[in-house]
$ cat run-v6.txt   # compact mmCIF, C-alpha atoms
# COMPACT_ATOMS: atom_id res chain seq x y z
CA MET P 155 0.00 0.00 0.00
CA ASP P 156 1.18 3.46 -0.85
CA GLU P 157 2.60 5.25 2.19
CA GLY P 158 1.06 8.62 1.28
CA LEU P 159 -2.41 7.11 0.87
CA ARG P 160 -2.09 5.31 4.16
CA SER P 161 -1.19 8.47 6.08
CA GLU P 162 -4.00 10.35 4.30
CA LEU P 163 -6.48 7.64 5.32
CA SER P 164 -5.27 7.59 8.91
CA ARG P 165 -5.79 11.34 9.10
CA GLN P 166 -9.40 10.69 8.10
CA GLY P 167 -9.72 8.11 10.86
CA VAL P 168 -9.38 5.07 8.62
CA PHE P 169 -6.72 2.54 9.61
CA ALA P 170 -5.50 0.46 6.70
CA THR P 171 -2.91 -2.28 6.80
CA THR P 172 -1.97 -5.54 5.15
CA ILE P 173 -2.16 -9.04 6.55
CA GLN P 174 1.60 -9.21 6.23
CA ASP P 175 2.20 -6.08 8.31
CA LEU P 176 -0.36 -7.11 10.91
CA TYR P 177 1.09 -10.62 11.18
CA ASN P 178 4.67 -9.35 11.41
CA TRP P 179 3.65 -6.69 13.96
CA GLY P 180 2.12 -9.30 16.22
CA CYS P 181 4.98 -11.72 15.70
CA ARG P 182 7.81 -9.30 16.42
CA ASN P 183 6.25 -7.88 19.56
CA SER P 184 5.61 -11.20 21.23
CA LEU P 185 8.81 -13.16 20.79
CA TRP P 186 8.88 -15.87 23.41
CA PRO P 187 12.46 -16.91 24.19
CA LEU P 188 13.41 -20.42 25.19
CA ASN P 189 14.47 -20.43 28.82
CA PHE P 190 17.96 -21.89 28.88
CA GLY P 191 21.48 -20.62 29.43
CA LEU P 192 24.80 -22.30 28.85
CA ALA P 193 27.35 -20.10 30.64
CA CYS P 194 28.03 -16.62 31.98
CA CYS P 195 26.15 -14.91 29.09
CA ALA P 196 23.00 -16.38 30.63
CA ILE P 197 23.58 -14.14 33.67
CA GLU P 198 23.45 -11.12 31.37
CA MET P 199 20.34 -12.55 29.75
CA ILE P 200 18.75 -12.85 33.20
CA ALA P 201 19.81 -9.26 33.97
CA ALA P 202 18.16 -8.15 30.71
CA SER P 203 14.91 -9.75 31.83
CA MET P 204 14.91 -8.07 35.25
CA ALA P 205 13.64 -4.63 36.27
CA ARG P 206 16.59 -2.44 35.32
CA PHE P 207 16.79 -3.45 31.68
CA ASP P 208 13.33 -5.00 31.42
CA ILE P 209 13.12 -7.03 28.23
CA ALA P 210 9.32 -6.90 28.74
CA ARG P 211 9.39 -3.47 27.08
CA PHE P 212 9.99 -5.35 23.83
CA GLY P 213 7.46 -8.09 24.45
CA ALA P 214 10.05 -10.82 24.94
CA GLU P 215 9.70 -11.42 28.67
CA VAL P 216 7.80 -14.72 28.46
CA PHE P 217 10.70 -17.14 28.86
CA ARG P 218 9.26 -20.54 28.12
CA PRO P 219 10.64 -23.71 29.68
CA SER P 220 9.46 -25.83 26.74
CA PRO P 221 10.74 -25.51 23.16
CA ARG P 222 7.19 -26.24 21.93
CA GLN P 223 6.04 -22.87 23.24
CA ALA P 224 9.06 -20.79 22.26
CA ASP P 225 9.90 -19.03 19.00
CA LEU P 226 13.23 -17.46 19.90
CA MET P 227 16.34 -19.33 20.96
CA ILE P 228 18.98 -17.23 22.71
CA VAL P 229 22.15 -19.31 22.67
CA ALA P 230 23.72 -17.63 25.69
CA GLY P 231 27.12 -19.08 26.41
CA THR P 232 29.81 -21.57 25.46
CA VAL P 233 28.47 -24.48 23.44
CA THR P 234 30.63 -27.48 24.29
CA LYS P 235 30.73 -30.38 21.90
CA LYS P 236 28.95 -32.46 24.52
CA MET P 237 26.09 -29.92 24.68
CA ALA P 238 25.78 -29.17 20.94
CA PRO P 239 23.47 -32.12 20.03
CA GLN P 240 21.03 -31.08 22.77
CA VAL P 241 20.97 -27.46 21.52
CA VAL P 242 20.25 -28.63 17.97
CA ARG P 243 17.54 -30.97 19.24
CA LEU P 244 15.89 -28.12 21.16
CA TYR P 245 15.97 -25.99 18.01
CA ASN P 246 14.36 -28.81 16.02
CA GLN P 247 11.56 -29.06 18.57
CA MET P 248 10.60 -25.38 18.31
CA PRO P 249 7.61 -24.53 16.09
CA GLU P 250 7.98 -22.29 13.03
CA PRO P 251 8.56 -19.40 12.58
CA LYS P 252 11.61 -19.60 14.83
CA TYR P 253 14.64 -17.41 15.30
CA VAL P 254 18.07 -17.76 16.85
CA ILE P 255 20.21 -15.13 18.56
CA ALA P 256 23.81 -16.25 19.14
CA MET P 257 24.84 -14.29 22.20
CA GLY P 258 28.47 -13.67 23.07
CA ALA P 259 31.89 -14.54 21.70
CA CYS P 260 31.57 -18.25 22.54
CA ALA P 261 28.25 -18.84 20.83
CA ILE P 262 29.31 -17.03 17.66
CA SER P 263 32.86 -18.35 17.31
CA GLY P 264 34.05 -20.37 20.29
CA GLY P 265 35.44 -17.20 21.84
CA PRO P 266 38.41 -17.60 24.19
CA PHE P 267 37.93 -21.38 24.03
CA LYS P 268 38.15 -21.52 20.23
CA ARG P 269 41.37 -23.55 20.28
CA GLY P 270 40.03 -26.02 22.81
CA TYR P 271 39.35 -29.61 21.86
CA ASN P 272 35.94 -29.62 23.52
CA VAL P 273 34.26 -26.39 22.39
CA LEU P 274 32.16 -25.88 19.30
CA LYS P 275 33.51 -23.01 17.18
CA GLY P 276 30.13 -21.32 16.85
CA ILE P 277 26.57 -22.63 16.96
CA ASP P 278 26.03 -21.50 13.33
CA ARG P 279 27.68 -24.76 12.27
CA TYR P 280 24.48 -26.63 13.14
CA VAL P 281 21.56 -24.15 13.28
CA PRO P 282 20.85 -21.00 11.23
CA VAL P 283 21.61 -17.88 13.29
CA ASP P 284 19.68 -14.66 12.67
CA VAL P 285 21.56 -12.21 14.89
CA HIS P 286 25.10 -12.51 16.24
CA ILE P 287 26.05 -10.45 19.32
CA PRO P 288 29.77 -9.98 19.99
CA GLY P 289 31.03 -9.38 23.53
CA CYS P 290 32.36 -11.39 26.42
CA PRO P 291 29.78 -11.29 27.83
CA PRO P 292 27.64 -8.74 25.97
CA ARG P 293 25.90 -6.22 28.18
CA PRO P 294 22.10 -6.44 28.52
CA GLU P 295 21.84 -3.42 26.21
CA ALA P 296 23.57 -5.48 23.53
CA LEU P 297 20.99 -8.23 23.93
CA LEU P 298 18.20 -5.66 23.68
CA HIS P 299 19.88 -4.26 20.56
CA ALA P 300 19.96 -7.75 19.08
CA LEU P 301 16.30 -8.16 19.91
CA ILE P 302 15.44 -4.88 18.17
CA THR P 303 17.55 -5.94 15.18
CA LEU P 304 15.61 -9.18 15.04
CA GLN P 305 12.32 -7.28 15.29
CA GLU P 306 13.36 -5.13 12.34
CA LYS P 307 14.21 -8.29 10.44
CA ILE P 308 10.78 -9.74 11.22
CA ALA P 309 9.05 -6.45 10.31
CA SER P 310 10.55 -6.55 6.83
CA ARG P 311 9.99 -10.22 6.10
CA LYS P 312 7.74 -11.34 3.25
CA LEU P 313 5.05 -13.95 3.77
CA THR P 314 4.52 -14.77 0.09
CA GLY P 315 6.45 -14.63 -3.13
CA PRO P 316 9.84 -16.02 -4.07
CA SER P 317 11.69 -13.88 -1.49
CA ARG P 318 9.53 -14.98 1.43
CA ALA P 319 11.09 -15.83 4.75
CA ARG P 320 12.53 -19.29 5.39
CA ALA P 321 9.68 -20.27 7.72
CA PHE P 322 7.16 -19.88 4.88
CA GLN P 323 9.08 -21.85 2.28
CA GLU P 324 7.67 -25.37 2.21
CA GLU P 325 10.87 -26.88 0.82
CA ALA P 326 13.23 -25.13 3.27
CA PRO P 327 14.23 -27.34 6.18
CA GLY P 328 12.85 -26.51 9.63
CA GLU P 329 14.87 -29.22 11.30
CA PHE P 330 18.56 -29.83 11.04
CA PRO P 331 20.50 -33.05 11.58
CA VAL P 332 21.57 -33.59 15.17
CA PRO P 333 25.32 -34.37 15.32
CA GLU P 334 26.38 -37.61 16.95
CA TYR P 335 29.14 -38.23 19.45
CA GLY P 336 32.13 -39.71 17.63
CA PRO P 337 35.29 -41.26 19.07
CA TYR P 338 37.29 -38.03 18.64
CA ASP P 339 34.86 -35.27 17.59
CA LEU P 340 31.25 -34.67 16.72
CA VAL P 341 30.10 -36.48 13.57
CA PRO P 342 29.67 -34.53 11.34
CA ALA P 343 31.91 -31.75 12.64
CA LYS P 344 29.71 -29.17 10.86
CA ASN P 345 26.56 -29.04 8.76
CA THR P 346 28.04 -28.19 5.36
CA ASP P 347 24.59 -27.40 3.89
CA LEU P 348 24.23 -24.65 6.43
CA TRP P 349 27.69 -23.37 7.16
CA ARG P 350 29.68 -22.22 4.17
CA PRO P 351 32.44 -19.83 5.22
CA LYS P 352 34.03 -17.63 2.63
CA PRO P 353 37.34 -19.01 1.39
CA ILE P 354 40.22 -17.19 3.06
CA THR P 355 43.67 -16.69 1.66
CA ARG P 356 46.58 -15.51 3.71
CA ASN P 357 48.59 -12.35 3.18
CA GLU P 358 52.13 -12.58 4.45
CA MET Y 184 51.52 -31.17 62.62
CA GLU Y 185 54.32 -33.69 62.40
CA THR Y 186 56.87 -33.42 59.63
CA LEU Y 187 56.53 -35.64 56.60
CA GLU Y 188 59.51 -37.70 57.77
CA GLN Y 189 57.81 -38.39 61.08
CA ILE Y 190 54.57 -39.31 59.32
CA LYS Y 191 56.50 -41.64 57.03
CA CYS Y 192 58.18 -43.37 60.00
CA ARG Y 193 54.87 -43.85 61.75
CA ILE Y 194 53.19 -45.27 58.64
CA GLU Y 195 56.11 -47.66 58.16
CA ALA Y 196 55.78 -48.77 61.78
CA ALA Y 197 52.05 -49.31 61.43
CA ILE Y 198 52.13 -50.99 58.00
CA PRO Y 199 55.29 -53.09 57.69
CA GLY Y 200 57.00 -53.29 54.30
CA VAL Y 201 54.95 -50.51 52.73
CA GLY Y 202 57.78 -48.94 50.75
CA LEU Y 203 57.14 -45.21 50.97
CA ASP Y 204 59.23 -42.49 49.44
CA ILE Y 205 59.45 -38.76 49.99
CA GLN Y 206 59.66 -36.56 46.94
CA CYS Y 207 61.14 -33.15 47.54
CA ASN Y 208 59.83 -30.10 45.77
CA ARG Y 209 62.88 -28.20 44.58
CA VAL Y 210 60.85 -25.05 43.92
CA VAL Y 211 59.00 -24.88 47.24
CA PRO Y 212 61.06 -26.72 49.89
CA GLY Y 213 58.16 -26.91 52.37
CA GLN Y 214 55.95 -28.85 50.00
CA ALA Y 215 57.42 -32.32 49.89
CA SER Y 216 55.07 -35.16 49.10
CA LEU Y 217 54.70 -38.80 50.02
CA VAL Y 218 54.96 -41.32 47.18
CA VAL Y 219 52.81 -44.35 47.90
CA PRO Y 220 52.84 -47.65 45.97
CA PRO Y 221 49.35 -48.23 44.51
CA ALA Y 222 49.14 -51.74 45.98
CA ARG Y 223 49.28 -50.36 49.55
CA ALA Y 224 47.70 -46.95 48.94
CA LEU Y 225 44.35 -47.85 50.47
CA GLU Y 226 45.96 -49.02 53.74
CA VAL Y 227 48.08 -45.86 53.93
CA ALA Y 228 45.03 -43.71 53.25
CA ARG Y 229 43.04 -45.44 55.99
CA PHE Y 230 45.90 -44.91 58.41
CA LEU Y 231 46.17 -41.20 57.58
CA ARG Y 232 42.45 -40.71 58.04
CA ASP Y 233 41.96 -42.78 61.19
CA ASP Y 234 45.15 -41.93 63.09
CA SER Y 235 44.22 -39.73 66.05
CA ARG Y 236 47.22 -37.40 65.72
CA LEU Y 237 46.78 -36.84 61.97
CA ALA Y 238 43.01 -37.24 61.41
CA LEU Y 239 43.26 -36.20 57.75
CA ASP Y 240 39.53 -36.37 57.21
CA TYR Y 241 39.29 -34.09 54.19
CA CYS Y 242 40.66 -34.72 50.69
CA SER Y 243 40.45 -31.32 49.04
CA ASN Y 244 41.91 -32.05 45.66
CA VAL Y 245 42.89 -34.87 43.30
CA SER Y 246 45.04 -33.97 40.32
CA GLY Y 247 46.37 -35.97 37.41
CA VAL Y 248 49.88 -35.40 36.13
CA ASP Y 249 51.35 -36.74 32.91
CA TRP Y 250 55.09 -37.34 32.78
CA LEU Y 251 56.64 -38.19 29.44
CA ASP Y 252 59.95 -40.05 29.19
CA ARG Y 253 62.53 -37.58 30.40
CA VAL Y 254 66.19 -37.23 31.27
CA VAL Y 255 67.05 -35.78 34.66
CA GLU Y 256 70.44 -34.22 35.36
CA GLU Y 257 71.82 -34.97 38.78
CA HIS Y 258 74.84 -33.50 40.46
CA VAL Y 259 76.70 -36.17 42.40
CA ARG Y 260 79.79 -35.87 44.56
CA VAL Y 261 82.37 -38.53 43.85
CA THR Y 262 85.81 -39.10 45.36
CA ARG Y 263 88.64 -40.04 43.04
CA LEU Y 264 92.31 -40.73 43.48
CA VAL Y 265 94.32 -38.01 41.80
CA ASP Y 266 98.12 -38.21 42.19
CA GLY Y 267 97.76 -40.48 45.20
CA GLN Y 268 95.33 -38.09 46.94
CA GLU Y 269 91.62 -38.52 47.41
CA ARG Y 270 89.76 -35.53 46.08
CA VAL Y 271 86.07 -34.76 45.85
CA PHE Y 272 84.65 -33.97 42.43
CA GLU Y 273 81.20 -32.88 41.45
CA GLU Y 274 79.88 -34.82 38.49
CA CYS Y 275 76.81 -34.29 36.38
CA ARG Y 276 75.05 -37.54 35.59
CA GLU Y 277 72.04 -38.05 33.38
CA ARG Y 278 69.31 -40.40 34.49
CA ARG Y 279 66.48 -41.53 32.24
CA VAL Y 280 63.06 -41.53 33.93
CA PRO Y 281 60.45 -43.58 32.08
CA GLY Y 282 57.11 -41.90 31.44
CA HIS Y 283 54.30 -42.44 33.91
CA LEU Y 284 51.06 -40.95 35.16
CA GLU Y 285 50.52 -39.59 38.64
CA ALA Y 286 47.56 -38.89 40.87
CA VAL Y 287 48.21 -36.28 43.55
CA TYR Y 288 45.96 -36.03 46.61
CA HIS Y 289 45.92 -33.01 48.92
CA LEU Y 290 44.77 -33.97 52.41
CA TYR Y 291 43.71 -31.72 55.27
CA SER Y 292 42.31 -32.24 58.72
CA MET Y 293 39.08 -30.42 59.46
CA ARG Y 294 39.08 -31.59 63.05
CA LEU Y 295 42.66 -30.62 63.94
CA LYS Y 296 42.90 -27.79 61.41
CA HIS Y 297 46.16 -28.73 59.79
CA GLY Y 298 47.47 -29.79 56.42
CA PRO Y 299 48.13 -30.29 53.65
CA VAL Y 300 49.74 -33.70 53.44
CA ILE Y 301 50.39 -34.46 49.80
CA LEU Y 302 50.05 -38.03 48.60
CA ARG Y 303 51.22 -39.28 45.21
CA GLN Y 304 50.52 -42.51 43.39
CA ARG Y 305 52.42 -43.44 40.24
CA THR Y 306 51.52 -45.81 37.45
CA VAL Y 307 54.05 -48.23 35.97
CA ASN Y 308 53.81 -46.69 32.50
CA ARG Y 309 51.52 -44.54 30.41
CA VAL Y 310 50.14 -47.20 28.11
CA ASP Y 311 48.85 -50.56 29.33
CA GLN Y 312 49.60 -50.37 33.06
CA ALA Y 313 48.03 -47.03 33.89
CA ARG Y 314 46.26 -48.40 36.96
CA LEU Y 315 46.10 -46.94 40.45
CA ALA Y 316 44.14 -47.68 43.60
CA SER Y 317 41.05 -45.56 44.10
CA LEU Y 318 40.94 -43.70 47.40
CA THR Y 319 37.21 -42.97 47.07
CA PRO Y 320 36.38 -45.65 49.70
CA VAL Y 321 38.38 -43.55 52.17
CA TRP Y 322 37.54 -40.00 51.06
CA ARG Y 323 34.20 -39.70 49.27
CA SER Y 324 35.22 -36.29 47.90
CA ALA Y 325 37.73 -38.00 45.61
CA GLU Y 326 34.97 -39.66 43.58
CA PHE Y 327 34.33 -37.00 40.92
CA GLN Y 328 37.94 -35.90 40.75
CA GLU Y 329 39.16 -39.44 40.18
CA ARG Y 330 36.55 -39.74 37.45
CA GLU Y 331 37.95 -36.56 35.94
CA ALA Y 332 41.51 -37.93 36.06
CA TYR Y 333 40.22 -41.11 34.41
CA ASP Y 334 38.43 -39.05 31.76
CA LEU Y 335 41.21 -36.62 30.88
CA PHE Y 336 44.37 -38.66 31.66
CA GLY Y 337 43.22 -42.25 31.23
CA ILE Y 338 44.24 -43.34 34.74
CA VAL Y 339 42.17 -46.40 35.72
CA PHE Y 340 41.29 -46.27 39.42
CA GLU Y 341 40.72 -49.78 40.73
CA GLY Y 342 38.08 -50.00 43.40
CA HIS Y 343 36.26 -46.85 42.27
CA PRO Y 344 32.48 -47.33 42.74
CA ASP Y 345 31.44 -45.63 39.49
CA LEU Y 346 34.31 -45.10 37.06
CA ARG Y 347 32.81 -43.38 34.02
CA ARG Y 348 33.76 -40.37 31.95
CA ILE Y 349 32.57 -37.17 33.59
CA LEU Y 350 33.35 -34.30 31.21
CA MET Y 351 33.71 -35.82 27.76
CA TRP Y 352 30.97 -37.94 26.22
CA ASP Y 353 30.94 -41.70 26.81
CA GLU Y 354 31.81 -42.52 23.19
CA PHE Y 355 35.01 -40.44 23.32
CA ARG Y 356 38.19 -42.51 22.90
CA ASP Y 357 41.16 -40.43 23.98
CA SER Y 358 42.75 -38.64 26.94
CA PRO Y 359 42.77 -34.94 26.10
CA MET Y 360 45.01 -33.72 28.94
CA ARG Y 361 47.89 -36.03 28.08
CA LYS Y 362 50.87 -34.25 26.66
CA ASP Y 363 50.88 -36.30 23.45
CA TYR Y 364 47.17 -35.75 22.75
CA VAL Y 365 46.44 -34.83 19.15
CA GLU Y 366 43.40 -32.57 18.90
CA PRO Y 367 40.88 -32.81 16.04
CA ASP Y 368 42.14 -31.06 12.93
CA ASP Y 369 39.51 -28.31 12.91
CA TYR Y 370 41.66 -25.22 12.61
CA GLU Y 371 39.83 -22.06 11.63
CA TYR Y 372 40.92 -18.60 10.65
CA GLU Y 373 42.95 -16.69 13.22
CA PRO Y 374 43.67 -13.02 12.57
CA THR Y 375 47.21 -13.08 14.01
CA PRO Y 376 48.51 -16.67 14.02
CA HIS Y 377 51.88 -17.27 15.61
CA ASP Y 378 54.11 -20.21 16.60
CA ASP Y 379 52.37 -23.54 16.10
CA LEU Y 380 49.17 -21.78 15.04
CA ARG Y 381 51.13 -20.20 12.20
CA GLU Y 382 52.11 -23.67 11.03
CA LYS Y 383 48.47 -24.72 11.12
CA ALA Y 384 47.46 -21.61 9.19
CA ARG Y 385 50.08 -22.51 6.55
CA ARG Y 386 48.63 -25.97 6.18
CA HIS Y 387 45.00 -24.87 6.01
CA TYR Y 388 45.05 -21.66 4.02
CA PRO Y 389 47.25 -21.27 0.95
CA ILE Y 390 49.09 -18.00 0.63
CA GLU Y 391 47.69 -15.47 -1.79
CA ALA Y 392 49.61 -15.70 -5.06
CA ASP Y 393 49.87 -12.01 -5.85
CA ALA Y 394 50.32 -10.72 -2.31

$ encode --input "run-v6.txt" --output "structure tokens"
Amino acid sequence: MDEGLRSELSRQGVFATTIQDLYNWGCRNSLWPLNFGLACCAIEMIAASMARFDIARFGAEVFRPSPRQADLMIVAGTVTKKMAPQVVRLYNQMPEPKYVIAMGACAISGGPFKRGYNVLKGIDRYVPVDVHIPGCPPRPEALLHALITLQEKIASRKLTGPSRARAFQEEAPGEFPVPEYGPYDLVPAKNTDLWRPKPITRNE
Amino acid sequence: METLEQIKCRIEAAIPGVGLDIQCNRVVPGQASLVVPPARALEVARFLRDDSRLALDYCSNVSGVDWLDRVVEEHVRVTRLVDGQERVFEECRERRVPGHLEAVYHLYSMRLKHGPVILRQRTVNRVDQARLASLTPVWRSAEFQEREAYDLFGIVFEGHPDLRRILMWDEFRDSPMRKDYVEPDDYEYEPTPHDDLREKARRHYPIEADA
């Protein structure tokens, strides 16, 4: 709908919108996060949900203990290789449309434990991540910023057409393979359908 | 508290033929430790806990240590005949110490408020005879830490009530804290690689041709 016409109509007391805008408005202002934390970032996540920072201002205060009732996964903390299959399984159990925020240096890249034998080098190897937050740990403001970024992303998503969001594409996968425990590492070590880093060449 | 020498004498009097040894700490002279043969470790532990003058009722810490094969230099004084006279020389001798694994226990007494007494057990080698006696029957607090030493060093504690991996997953087949552990080859980009990371970067990312 034309923006000028819409403002003209609203001045006349007529509110006009589209199903897409209405749906996205409702969706982005009632994100229900999954209630789990993996490390110290979870403390910042808890702080963000309390009175001083008050994530309820953005409609995301309903932390759900069950993945069936949640549509936002905040991966807050170090994902060890032992924990990774459970995180992927929780993601698979969430209903569509679902979103992931990778919070903190560990969740986005392994962080200070990147060279460890037991830490996953970023949860984006197994599940699609919508917003990455750097920081060790990020302050609650950073989490709120990520939430607003995600809300903007939801506000601009398409429900129909070829460029529609992943949740509305029938052929796009909503579940991703859960890695298995191998004798030396997780099998597979990464989901190559999902995680395709840009090729890097060295300059010396 | 008694000195370690006194404790050693009393243990040897109470448990004949036990074969203890005192290992000095060259860095911190006050922190010598008692080396106990695994076959008699449980008896020694019971004595240390139940003796009324020691009453070491609290095991605060169990650590694993991995020793590779190493050569130790020792300075020895020898007397030799030079021109018909006996003279003292200082000689440097090299001694080869075969690799082994160690479990180190730090013991305190809550009741008498003293400690620590440091106990060491050593395995025969690092491969097929990496077995020690579990002291969990004596100090319950050793249970999880012995499991951790089993998980990360591969030390098998005989007599442990529940010897499973505790940090790594059950299917894991390696001992990550051993010095010869080879980690999975999952190197990723590092902005400023140096030393051994630089070697890994060389292997994983070819250098730009026109740089």

$ interface_residues --input "run-v6.txt" --of "chain Y" --to "chain P" --cutoff "9 Å" --atoms "all atoms listed in the file" --output "VMD selection string"
chain Y and resid 350 to 357 359 366 to 367 369 to 372 384 to 385 388 to 392 394

$ atom_distance --input "run-v6.txt" --atom1 "CA of Pro282 (chain P)" --atom2 "CA of Tyr253 (chain P)"
8.2 Å

$ closest_residue --input "run-v6.txt" --among "P:Leu301, P:Asp278, P:Pro294, P:Gly264" --to "Phe207 (chain P)" --atoms "all atoms listed in the file"
P:Pro294

$ atom_distance --input "run-v6.txt" --atom1 "CA of Ser246 (chain Y)" --atom2 "CA of Gln304 (chain Y)"
10.6 Å

$ closest_residue --input "run-v6.txt" --among "P:Cys260, P:Val242, P:Gly265, P:Phe212" --to "Trp179 (chain P)" --atoms "only C-alpha atoms"
P:Phe212

$ atom_distance --input "run-v6.txt" --atom1 "CA of Ala261 (chain P)" --atom2 "CA of Glu295 (chain P)"
17.5 Å

$ residues_around --input "run-v6.txt" --residues "Leu159 (chain P)" --least-positions-apart "5" --cutoff "12 Å" --atoms "only C-alpha atoms" --output "PyMOL selection string"
chain P and resi 164-166+168-171

$ closest_residue --input "run-v6.txt" --among "P:Gly180, P:Pro249, P:Pro327, P:Pro288" --to "Gln223 (chain P)" --atoms "all atoms listed in the file"
P:Pro249

$ residues_near_point --input "run-v6.txt" --point "(17.4, -27.0, 22.7)" --cutoff "10 Å" --atoms "all atoms listed in the file" --output "PDB file with C-alpha atoms, keeping the file's coordinate frame"
ATOM      1  CA  LEU P 188      13.410 -20.420  25.190  1.00  0.00           C
ATOM      2  CA  ASN P 189      14.470 -20.430  28.820  1.00  0.00           C
ATOM      3  CA  PHE P 190      17.960 -21.890  28.880  1.00  0.00           C
ATOM      4  CA  SER P 220       9.460 -25.830  26.740  1.00  0.00           C
ATOM      5  CA  PRO P 221      10.740 -25.510  23.160  1.00  0.00           C
ATOM      6  CA  MET P 227      16.340 -19.330  20.960  1.00  0.00           C
ATOM      7  CA  ILE P 228      18.980 -17.230  22.710  1.00  0.00           C
ATOM      8  CA  VAL P 229      22.150 -19.310  22.670  1.00  0.00           C
ATOM      9  CA  MET P 237      26.090 -29.920  24.680  1.00  0.00           C
ATOM     10  CA  ALA P 238      25.780 -29.170  20.940  1.00  0.00           C
ATOM     11  CA  PRO P 239      23.470 -32.120  20.030  1.00  0.00           C
ATOM     12  CA  GLN P 240      21.030 -31.080  22.770  1.00  0.00           C
ATOM     13  CA  VAL P 241      20.970 -27.460  21.520  1.00  0.00           C
ATOM     14  CA  VAL P 242      20.250 -28.630  17.970  1.00  0.00           C
ATOM     15  CA  ARG P 243      17.540 -30.970  19.240  1.00  0.00           C
ATOM     16  CA  LEU P 244      15.890 -28.120  21.160  1.00  0.00           C
ATOM     17  CA  TYR P 245      15.970 -25.990  18.010  1.00  0.00           C
ATOM     18  CA  ASN P 246      14.360 -28.810  16.020  1.00  0.00           C
ATOM     19  CA  GLN P 247      11.560 -29.060  18.570  1.00  0.00           C
ATOM     20  CA  MET P 248      10.600 -25.380  18.310  1.00  0.00           C
TER      21      MET P 248
END

$ residues_around --input "run-v6.txt" --residues "Leu237 (chain Y)" --least-positions-apart "2" --cutoff "8 Å" --atoms "all atoms listed in the file" --output "list in words"
Met184, Leu231, Arg232, Asp233, Asp234, Ser235, Leu239, Ser292 and Leu295 of chain Y

$ residues_near_point --input "run-v6.txt" --point "(32.1, -45.5, 42.1)" --cutoff "9 Å" --atoms "all atoms listed in the file" --output "PDB file with C-alpha atoms, in the coordinates of the input"
ATOM      1  CA  THR Y 319      37.210 -42.970  47.070  1.00  0.00           C
ATOM      2  CA  PRO Y 320      36.380 -45.650  49.700  1.00  0.00           C
ATOM      3  CA  GLU Y 326      34.970 -39.660  43.580  1.00  0.00           C
ATOM      4  CA  PHE Y 327      34.330 -37.000  40.920  1.00  0.00           C
ATOM      5  CA  ARG Y 330      36.550 -39.740  37.450  1.00  0.00           C
ATOM      6  CA  GLY Y 342      38.080 -50.000  43.400  1.00  0.00           C
ATOM      7  CA  HIS Y 343      36.260 -46.850  42.270  1.00  0.00           C
ATOM      8  CA  PRO Y 344      32.480 -47.330  42.740  1.00  0.00           C
ATOM      9  CA  ASP Y 345      31.440 -45.630  39.490  1.00  0.00           C
ATOM     10  CA  LEU Y 346      34.310 -45.100  37.060  1.00  0.00           C
ATOM     11  CA  ARG Y 347      32.810 -43.380  34.020  1.00  0.00           C
TER      12      ARG Y 347
END

$ residues_around --input "run-v6.txt" --residues "Thr346 (chain P)" --least-positions-apart "6" --cutoff "12 Å" --atoms "only C-alpha atoms" --output "list in words"
Asp278, Arg279, Tyr280, Val281, Pro282, Phe330 and Pro331 of chain P

$ decode --input "run-v6.txt" --residues "region 378-385 of chain Y" --atoms "N, CA, C and O atoms" --output "PDB file, in the first residue's frame"
ATOM      1  N   ASP Y 378      53.563 -18.938  16.129  1.00  0.00           N
ATOM      2  CA  ASP Y 378      54.108 -20.209  16.599  1.00  0.00           C
ATOM      3  C   ASP Y 378      53.438 -21.407  15.917  1.00  0.00           C
ATOM      4  O   ASP Y 378      53.362 -21.454  14.704  1.00  0.00           O
ATOM      5  N   ASP Y 379      52.923 -22.341  16.720  1.00  0.00           N
ATOM      6  CA  ASP Y 379      52.371 -23.542  16.099  1.00  0.00           C
ATOM      7  C   ASP Y 379      51.066 -23.241  15.368  1.00  0.00           C
ATOM      8  O   ASP Y 379      50.690 -23.956  14.435  1.00  0.00           O
ATOM      9  N   LEU Y 380      50.374 -22.169  15.770  1.00  0.00           N
ATOM     10  CA  LEU Y 380      49.168 -21.785  15.041  1.00  0.00           C
ATOM     11  C   LEU Y 380      49.513 -21.313  13.634  1.00  0.00           C
ATOM     12  O   LEU Y 380      48.767 -21.522  12.694  1.00  0.00           O
ATOM     13  N   ARG Y 381      50.683 -20.676  13.521  1.00  0.00           N
ATOM     14  CA  ARG Y 381      51.133 -20.204  12.201  1.00  0.00           C
ATOM     15  C   ARG Y 381      51.358 -21.384  11.261  1.00  0.00           C
ATOM     16  O   ARG Y 381      50.996 -21.343  10.092  1.00  0.00           O
ATOM     17  N   GLU Y 382      51.916 -22.466  11.831  1.00  0.00           N
ATOM     18  CA  GLU Y 382      52.112 -23.674  11.028  1.00  0.00           C
ATOM     19  C   GLU Y 382      50.772 -24.228  10.565  1.00  0.00           C
ATOM     20  O   GLU Y 382      50.603 -24.643   9.422  1.00  0.00           O
ATOM     21  N   LYS Y 383      49.795 -24.227  11.488  1.00  0.00           N
ATOM     22  CA  LYS Y 383      48.470 -24.724  11.125  1.00  0.00           C
ATOM     23  C   LYS Y 383      47.856 -23.841  10.046  1.00  0.00           C
ATOM     24  O   LYS Y 383      47.233 -24.349   9.112  1.00  0.00           O
ATOM     25  N   ALA Y 384      48.008 -22.520  10.191  1.00  0.00           N
ATOM     26  CA  ALA Y 384      47.464 -21.605   9.194  1.00  0.00           C
ATOM     27  C   ALA Y 384      48.084 -21.891   7.832  1.00  0.00           C
ATOM     28  O   ALA Y 384      47.403 -21.892   6.803  1.00  0.00           O
ATOM     29  N   ARG Y 385      49.392 -22.182   7.804  1.00  0.00           N
ATOM     30  CA  ARG Y 385      50.079 -22.509   6.549  1.00  0.00           C
ATOM     31  C   ARG Y 385      49.457 -23.727   5.900  1.00  0.00           C
ATOM     32  O   ARG Y 385      49.266 -23.788   4.697  1.00  0.00           O
TER      33      ARG Y 385
END
